[in-house]
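Here the structure comes first, spelled out in structure tokens, and everything after it is commentary.
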Amino acid sequence: METKQLPEVKMFQGYQTLFVDEEPYVILGGEVHNSAASGEAYMEEEVWPNVRDLGMNTVVAPVYWECIEPKQGAFDFSTVDDLLRQARRENLRLVLLWFGLWKNAESMYVPTWMKRDRKTYFHCKKASGEELPVISPFCKEAVKQDREAFTRLMAYLKEQDGCRTVLMVQVENEIGLLGSERDDSPTAQEAFLAGMPKEVEEEFRLSGSWQEAFGEEAGEYFMAWAFAKAVEEIAGAGKREYPLPMYTNAWLEQFPWRPGTYPSGGPVRKMFRMWKAMAPSLFTLAPDIYVPMVPETMDLYTELDNPLFVPEVRKDAACATNALYAVFGCHGIGFSPFGVEELNMDPEKIDRIPPEVMAALNIDPAAFDMEGSAEYLKRSYELIKNLLPLYYRLRPDGDVHAFIRKDPREQGTVVHAKGYDIQLDYRRKEQGKPETGGVIFQLEKDVFLIAGIMCGITFHGKMGSGKTAELIRLEEGEWEKGGWKPGRILNGDEKMFVSCKDNFVLYRVELLTV
């Protein structure tokens, strides 16, 4: 079996970057629905045919503990084999989601034998004593069983995936506690009253009880510590077996901003410090974004020690512009709309999420408005793929400028490039159209390449220079195989006002200051 270098995330040009086959790699992905990968026939009939024409290079797909260990101690990796075989046939890579102890703040995908034994594998409880549908992170036996199953999965991948189809693994899914700010089961209560462990005191330079140290946020910090420690036990063991990059994802903190209305203890932004300290085997904490404020959320989850990966994101037409911004604005390692197979699916086959479920999960219904999404996402992924070599060439010198409308009230922005200021006037948002945005590359002192949508472009000399910018040549075309492939040369009225309309366009611009 062919053996290649393991995928890894490492510093490159000052940013954390994913390397695959020893080359920089950006995940242009799509996540399939939660239960899609449990059926080989369903994947063959409803998933792979519908993702072939989206320009993707990676599929994000779950693997399920309940399928892998149907009987305790007896393992069946046939669903994993199906994914590996199908992805290789399609010439696509995989990011695997480990649906183990925790999925969407519940214990949905644990094996049946674990679900039936609630004494051994005890659940979280409210202060009232009401049991919640999630196994407690303080249940050492449950964490041990998850660790052993996950380690067996990683050992299997090490043995079966010498061609490195699998790039990364997500450990658990949208972890945390819904319905209560903290676990009040007897074991958890004992841990809470025992006070902060030394590792937390040292990290935060605090002492005393959880309540004394963290006040009203004590319950959430306590749960973040507990979940992060459990995830580290699971991920660390798996990584020692087969050291692929690993991460976990967050159900975002949102209105009404009370832990328990979103999963308390999950890796939301304000819990980064706890998660980073307690779960060092994870290379990043990733946002699942269904709120309207996608660019702002991506900014929030982008740090030097937390490279941006978006494993789940709303799939309205705006996802096309958000993908560009994730890569070129946030230097992200990947972007992946959720339920991606539906973008090209027969509408009659799509299982619509009931409004009451969206309301219960605090999801904006517009996140699943797919009008135009397939066409725009394909074009966006095509642009990113073609422009990546240029991006890596120009990034070290600061000659890449991404822009996107982050607030409906924004009228535009000004990009301050070397020698020029570039005014971008944002167009009104339209139903079924992407959001305004794009990227500007400064190829030479007076030469720019612009990829954009839904905006007007005006060039100015630098403030205080006393000079104006004259547009001396404007071409439309494509950037292919590392070079410019010109189309029309635009002049006359078309040169007077440069406009990116309702699909992504590429312009090469030559300027002169006078």
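Every chain in the structure tokens takes a letter, A first, then B, and so on in the order presented; its residues are numbered from 1, and the ligands are numbered from 1 following the presented order.
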Pull the closest atom pair for each residue of stretch 300-365 of chain A that gets at most 9 Å from stretch 16-38 of chain A, along with the distance in Å to one decimal, counting only C-alpha atoms, ordering rows by chain and then ascending residue number, as a tab-separated table.
```
residue	atom	partner	partner_atom	distance
A:Leu304	CA	A:Gln16	CA	6.8
A:Asp305	CA	A:Gln16	CA	7.4
A:Asn306	CA	A:Gln16	CA	7.9
A:Pro307	CA	A:Gln16	CA	5.8
A:Leu308	CA	A:Gln16	CA	9.0
A:Phe309	CA	A:Ile27	CA	8.5
A:Pro311	CA	A:Glu31	CA	7.0
A:Glu312	CA	A:Glu31	CA	6.6
A:Val313	CA	A:Glu31	CA	9.0
A:Ala323	CA	A:Leu28	CA	8.3
A:Val327	CA	A:Val26	CA	7.7
A:His331	CA	A:Thr17	CA	8.1
A:Gly332	CA	A:Val26	CA	7.6
A:Ile333	CA	A:Val26	CA	4.9
A:Gly334	CA	A:Ile27	CA	4.1
A:Phe335	CA	A:Leu28	CA	5.8
A:Ser336	CA	A:Gly30	CA	4.2
A:Pro337	CA	A:Gly30	CA	5.0
A:Phe338	CA	A:Glu31	CA	4.7
A:Gly339	CA	A:Val32	CA	4.7
A:Val340	CA	A:Gly30	CA	5.2
A:Glu341	CA	A:Val32	CA	6.3
A:Glu342	CA	A:Val32	CA	8.8
```
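DSSP annotation of stretch 219-411 of chain A from backbone atoms: strand (DSSP E) residues are A:Met246, A:Tyr247, A:Thr248, A:Asn249, A:Ala250, A:Trp251, A:Thr284, A:Leu285, A:Ala286, A:Pro287, A:Asp288, A:Ile289, A:Phe309, A:Val310, A:Glu312, A:Val313, A:Gly334, A:Phe335, A:Val400, A:His401, A:Ala402, A:Phe403, A:Ile404.
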Let's have the selection written as a compact mmCIF listing (two decimals), in the first residue's frame, with C-alpha atoms.
```txt
# COMPACT_ATOMS: atom_id res chain seq x y z
CA MET A 246 -7.62 16.78 15.51
CA TYR A 247 -10.09 19.45 16.54
CA THR A 248 -13.51 19.87 18.08
CA ASN A 249 -16.36 22.18 17.11
CA ALA A 250 -18.61 24.65 18.87
CA TRP A 251 -22.33 25.31 18.92
CA THR A 284 -8.03 24.25 16.71
CA LEU A 285 -11.52 24.95 18.05
CA ALA A 286 -13.91 25.32 15.13
CA PRO A 287 -17.18 27.27 14.87
CA ASP A 288 -20.39 25.82 13.45
CA ILE A 289 -22.03 28.92 11.99
CA PHE A 309 -11.62 25.79 10.05
CA VAL A 310 -15.37 26.02 9.46
CA GLU A 312 -20.36 23.50 9.38
CA VAL A 313 -21.83 26.69 8.00
CA GLY A 334 -11.01 25.12 5.27
CA PHE A 335 -14.69 25.87 4.74
CA VAL A 400 -3.66 40.24 -0.49
CA HIS A 401 -6.72 42.24 0.58
CA ALA A 402 -10.01 40.44 1.20
CA PHE A 403 -13.25 42.33 1.81
CA ILE A 404 -16.83 41.41 2.68
```
As a PyMOL selection string, please: the residues near A:Val95 (cut-off 6 Å, only C-alpha atoms, same-chain neighbours under 3 positions excluded). chain A and resi 60+166-169
Generate the output file for the selected residues, N, CA and C atoms, as a PDB file, in the first residue's frame.
```pdb
ATOM      1  N   VAL A  60     -16.696  16.198   4.353  1.00  0.00           N
ATOM      2  CA  VAL A  60     -16.705  16.078   5.811  1.00  0.00           C
ATOM      3  C   VAL A  60     -17.843  15.124   6.173  1.00  0.00           C
ATOM      4  N   VAL A 166      -7.858  10.373   4.590  1.00  0.00           N
ATOM      5  CA  VAL A 166      -8.373  11.123   5.744  1.00  0.00           C
ATOM      6  C   VAL A 166      -7.342  12.176   6.149  1.00  0.00           C
ATOM      7  N   LEU A 167      -7.792  13.433   6.164  1.00  0.00           N
ATOM      8  CA  LEU A 167      -6.895  14.549   6.471  1.00  0.00           C
ATOM      9  C   LEU A 167      -6.894  14.913   7.946  1.00  0.00           C
ATOM     10  N   MET A 168      -8.076  14.884   8.563  1.00  0.00           N
ATOM     11  CA  MET A 168      -8.223  15.342   9.939  1.00  0.00           C
ATOM     12  C   MET A 168      -9.378  14.567  10.572  1.00  0.00           C
ATOM     13  N   VAL A 169      -9.470  14.664  11.893  1.00  0.00           N
ATOM     14  CA  VAL A 169     -10.566  14.033  12.620  1.00  0.00           C
ATOM     15  C   VAL A 169     -11.129  15.023  13.633  1.00  0.00           C
TER      16      VAL A 169
END
```
Mind the document's chain letters and residue numbers, and return as a ChimeraX atom specification the residues of stretch 289-509 of chain A that DSSP labels alpha helix (DSSP H). /A:294-300,319-324,355-360,373-394,493-496
Give me, as a ChimeraX atom specification, all polymer residues having an atom no more than 6 Å from A:Thr58, counting only C-alpha atoms and skipping those fewer than 6 positions away in the same chain. /A:29,92-94
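One distance worth recording is that between atom CA of A:Met274 and atom CA of A:Trp225, which is 6.3 Å.
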Might you pull out every residue within 7 Å of stretch 256-273 of chain A, with only C-alpha atoms counted and same-chain residues fewer than 2 positions away left off, and present them as a PDB file with N, CA, C and O atoms, in the first residue's frame?
```pdb
ATOM      1  N   ALA A 105     -24.738  18.228  22.064  1.00  0.00           N
ATOM      2  CA  ALA A 105     -25.039  18.333  23.486  1.00  0.00           C
ATOM      3  C   ALA A 105     -25.941  17.198  23.979  1.00  0.00           C
ATOM      4  O   ALA A 105     -26.650  17.354  24.974  1.00  0.00           O
ATOM      5  N   GLU A 174     -20.208  19.418  18.729  1.00  0.00           N
ATOM      6  CA  GLU A 174     -21.001  20.441  19.434  1.00  0.00           C
ATOM      7  C   GLU A 174     -21.239  20.022  20.881  1.00  0.00           C
ATOM      8  O   GLU A 174     -22.361  19.911  21.366  1.00  0.00           O
ATOM      9  N   ILE A 175     -20.143  19.861  21.569  1.00  0.00           N
ATOM     10  CA  ILE A 175     -20.125  19.337  22.924  1.00  0.00           C
ATOM     11  C   ILE A 175     -20.638  20.383  23.913  1.00  0.00           C
ATOM     12  O   ILE A 175     -20.537  21.591  23.673  1.00  0.00           O
ATOM     13  N   GLY A 176     -21.187  19.915  25.020  1.00  0.00           N
ATOM     14  CA  GLY A 176     -21.658  20.813  26.061  1.00  0.00           C
ATOM     15  C   GLY A 176     -22.945  20.317  26.689  1.00  0.00           C
ATOM     16  O   GLY A 176     -23.392  19.195  26.429  1.00  0.00           O
ATOM     17  N   LEU A 177     -23.539  21.148  27.516  1.00  0.00           N
ATOM     18  CA  LEU A 177     -24.705  20.760  28.296  1.00  0.00           C
ATOM     19  C   LEU A 177     -25.845  21.724  28.025  1.00  0.00           C
ATOM     20  O   LEU A 177     -25.728  22.928  28.273  1.00  0.00           O
ATOM     21  N   LEU A 178     -26.958  21.202  27.523  1.00  0.00           N
ATOM     22  CA  LEU A 178     -28.163  21.990  27.314  1.00  0.00           C
ATOM     23  C   LEU A 178     -29.137  21.764  28.458  1.00  0.00           C
ATOM     24  O   LEU A 178     -29.250  20.655  28.977  1.00  0.00           O
ATOM     25  N   GLY A 179     -29.844  22.831  28.824  1.00  0.00           N
ATOM     26  CA  GLY A 179     -30.871  22.710  29.850  1.00  0.00           C
ATOM     27  C   GLY A 179     -30.398  23.019  31.250  1.00  0.00           C
ATOM     28  O   GLY A 179     -31.203  23.115  32.178  1.00  0.00           O
ATOM     29  N   SER A 180     -29.106  23.191  31.432  1.00  0.00           N
ATOM     30  CA  SER A 180     -28.536  23.519  32.736  1.00  0.00           C
ATOM     31  C   SER A 180     -27.144  24.091  32.516  1.00  0.00           C
ATOM     32  O   SER A 180     -26.454  23.707  31.581  1.00  0.00           O
ATOM     33  N   GLU A 181     -26.740  24.994  33.404  1.00  0.00           N
ATOM     34  CA  GLU A 181     -25.400  25.563  33.236  1.00  0.00           C
ATOM     35  C   GLU A 181     -24.306  24.585  33.655  1.00  0.00           C
ATOM     36  O   GLU A 181     -23.176  24.672  33.187  1.00  0.00           O
ATOM     37  N   ARG A 182     -24.664  23.646  34.568  1.00  0.00           N
ATOM     38  CA  ARG A 182     -23.660  22.649  34.946  1.00  0.00           C
ATOM     39  C   ARG A 182     -24.341  21.347  35.357  1.00  0.00           C
ATOM     40  O   ARG A 182     -25.540  21.294  35.635  1.00  0.00           O
ATOM     41  N   GLU A 220     -20.222  27.383  33.903  1.00  0.00           N
ATOM     42  CA  GLU A 220     -19.755  27.171  32.542  1.00  0.00           C
ATOM     43  C   GLU A 220     -18.264  26.839  32.513  1.00  0.00           C
ATOM     44  O   GLU A 220     -17.831  25.957  31.760  1.00  0.00           O
ATOM     45  N   TYR A 221     -17.472  27.541  33.322  1.00  0.00           N
ATOM     46  CA  TYR A 221     -16.044  27.226  33.372  1.00  0.00           C
ATOM     47  C   TYR A 221     -15.809  25.816  33.907  1.00  0.00           C
ATOM     48  O   TYR A 221     -14.927  25.089  33.432  1.00  0.00           O
ATOM     49  N   MET A 223     -17.829  23.240  33.609  1.00  0.00           N
ATOM     50  CA  MET A 223     -18.165  22.268  32.571  1.00  0.00           C
ATOM     51  C   MET A 223     -17.144  22.292  31.435  1.00  0.00           C
ATOM     52  O   MET A 223     -16.831  21.245  30.853  1.00  0.00           O
ATOM     53  N   ALA A 224     -16.618  23.468  31.092  1.00  0.00           N
ATOM     54  CA  ALA A 224     -15.578  23.541  30.054  1.00  0.00           C
ATOM     55  C   ALA A 224     -14.361  22.736  30.486  1.00  0.00           C
ATOM     56  O   ALA A 224     -13.762  22.003  29.680  1.00  0.00           O
ATOM     57  N   PHE A 227     -15.434  18.876  30.240  1.00  0.00           N
ATOM     58  CA  PHE A 227     -15.534  18.372  28.866  1.00  0.00           C
ATOM     59  C   PHE A 227     -14.178  18.385  28.171  1.00  0.00           C
ATOM     60  O   PHE A 227     -13.821  17.446  27.447  1.00  0.00           O
ATOM     61  N   ASN A 249     -15.568  21.069  17.656  1.00  0.00           N
ATOM     62  CA  ASN A 249     -16.357  22.179  17.115  1.00  0.00           C
ATOM     63  C   ASN A 249     -17.318  22.724  18.152  1.00  0.00           C
ATOM     64  O   ASN A 249     -17.634  22.064  19.140  1.00  0.00           O
ATOM     65  N   ALA A 250     -17.791  23.941  17.900  1.00  0.00           N
ATOM     66  CA  ALA A 250     -18.613  24.655  18.873  1.00  0.00           C
ATOM     67  C   ALA A 250     -19.981  25.015  18.311  1.00  0.00           C
ATOM     68  O   ALA A 250     -20.094  25.541  17.204  1.00  0.00           O
ATOM     69  N   TRP A 251     -21.005  24.717  19.081  1.00  0.00           N
ATOM     70  CA  TRP A 251     -22.334  25.315  18.916  1.00  0.00           C
ATOM     71  C   TRP A 251     -22.207  26.701  19.531  1.00  0.00           C
ATOM     72  O   TRP A 251     -21.919  26.859  20.705  1.00  0.00           O
ATOM     73  N   LEU A 252     -22.421  27.739  18.760  1.00  0.00           N
ATOM     74  CA  LEU A 252     -22.057  29.085  19.161  1.00  0.00           C
ATOM     75  C   LEU A 252     -22.889  29.624  20.324  1.00  0.00           C
ATOM     76  O   LEU A 252     -24.088  29.350  20.431  1.00  0.00           O
ATOM     77  N   GLU A 253     -22.225  30.406  21.120  1.00  0.00           N
ATOM     78  CA  GLU A 253     -22.916  31.201  22.139  1.00  0.00           C
ATOM     79  C   GLU A 253     -23.785  32.243  21.423  1.00  0.00           C
ATOM     80  O   GLU A 253     -23.327  32.909  20.498  1.00  0.00           O
ATOM     81  N   GLN A 254     -25.029  32.347  21.811  1.00  0.00           N
ATOM     82  CA  GLN A 254     -25.929  33.310  21.180  1.00  0.00           C
ATOM     83  C   GLN A 254     -27.081  33.648  22.115  1.00  0.00           C
ATOM     84  O   GLN A 254     -27.208  33.085  23.200  1.00  0.00           O
ATOM     85  N   TRP A 275     -10.208  25.583  27.240  1.00  0.00           N
ATOM     86  CA  TRP A 275     -10.082  24.479  26.289  1.00  0.00           C
ATOM     87  C   TRP A 275      -8.643  24.333  25.777  1.00  0.00           C
ATOM     88  O   TRP A 275      -8.133  23.215  25.653  1.00  0.00           O
ATOM     89  N   LYS A 276      -8.009  25.443  25.469  1.00  0.00           N
ATOM     90  CA  LYS A 276      -6.637  25.370  24.954  1.00  0.00           C
ATOM     91  C   LYS A 276      -5.691  24.769  25.993  1.00  0.00           C
ATOM     92  O   LYS A 276      -4.787  23.994  25.662  1.00  0.00           O
ATOM     93  N   ALA A 277      -5.907  25.128  27.257  1.00  0.00           N
ATOM     94  CA  ALA A 277      -5.026  24.635  28.311  1.00  0.00           C
ATOM     95  C   ALA A 277      -5.287  23.168  28.625  1.00  0.00           C
ATOM     96  O   ALA A 277      -4.355  22.401  28.888  1.00  0.00           O
ATOM     97  N   LEU A 285     -10.121  25.013  17.609  1.00  0.00           N
ATOM     98  CA  LEU A 285     -11.515  24.953  18.046  1.00  0.00           C
ATOM     99  C   LEU A 285     -12.328  25.629  16.953  1.00  0.00           C
ATOM    100  O   LEU A 285     -12.072  26.778  16.611  1.00  0.00           O
ATOM    101  N   TYR A 301     -12.967  33.523  15.567  1.00  0.00           N
ATOM    102  CA  TYR A 301     -12.341  32.222  15.757  1.00  0.00           C
ATOM    103  C   TYR A 301     -11.003  32.111  15.039  1.00  0.00           C
ATOM    104  O   TYR A 301     -10.474  31.005  14.885  1.00  0.00           O
TER     105      TYR A 301
END
```
Applying 8 Å and only C-alpha atoms, which residues near A:Tyr242 remain after dropping the ones on its own chain fewer than 4 positions away? List them as a CSV table (one decimal) with N, CA and C atoms, in the first residue's frame.
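That gives us part.csv:
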```csv
chain,number,residue,atom,x,y,z
A,154,MET,N,-8.6,5.0,15.2
A,154,MET,CA,-7.3,5.6,14.7
A,154,MET,C,-6.3,4.5,14.3
A,155,ALA,N,-6.3,3.4,15.0
A,155,ALA,CA,-5.4,2.3,14.6
A,155,ALA,C,-5.8,1.7,13.3
A,157,LEU,N,-7.4,3.3,10.9
A,157,LEU,CA,-7.0,4.3,9.8
A,157,LEU,C,-5.5,4.2,9.5
A,158,LYS,N,-4.7,4.1,10.5
A,158,LYS,CA,-3.3,3.9,10.3
A,158,LYS,C,-3.0,2.7,9.5
A,238,GLY,N,-6.0,8.7,20.9
A,238,GLY,CA,-6.1,8.5,19.5
A,238,GLY,C,-4.9,9.0,18.7
```
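Candidate residues A:Arg488, A:Ala230, A:Glu199, A:Val171 were compared for distance to A:Ser136, and the nearest is A:Ala230, using only C-alpha atoms.
Considering only C-alpha atoms, the residue among A:Lys10, A:Leu390, A:Ala191, A:Met454 positioned nearest to A:Gln442 is A:Leu390.
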A:Ala194 environment, 9 Å, only C-alpha atoms, sequence neighbours closer than 4 positions dropped, as a list in words: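 These residues fall inside the cut-off: Gln189, Glu190, Ser209 and Trp210 of chain A.
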Please report the interatomic distance between atom CA of A:Leu471 and atom CA of A:Leu387 in Å with one decimal.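 About the pair atom CA of A:Leu471 and atom CA of A:Leu387: they are 23.3 Å apart.
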Looking at A:Cys67, A:Val9, A:Ala320, A:Leu343, which one is nearest to A:Phe504, with distances taken over only C-alpha atoms?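 Using only C-alpha atoms, the shortest distance to A:Phe504 belongs to A:Ala320.
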Hey, which of A:Leu153, A:Leu244, A:Leu443, A:Met370 ends up closest to A:Gly483? Count only C-alpha atoms.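 The answer is A:Leu443, which sits nearest to A:Gly483.
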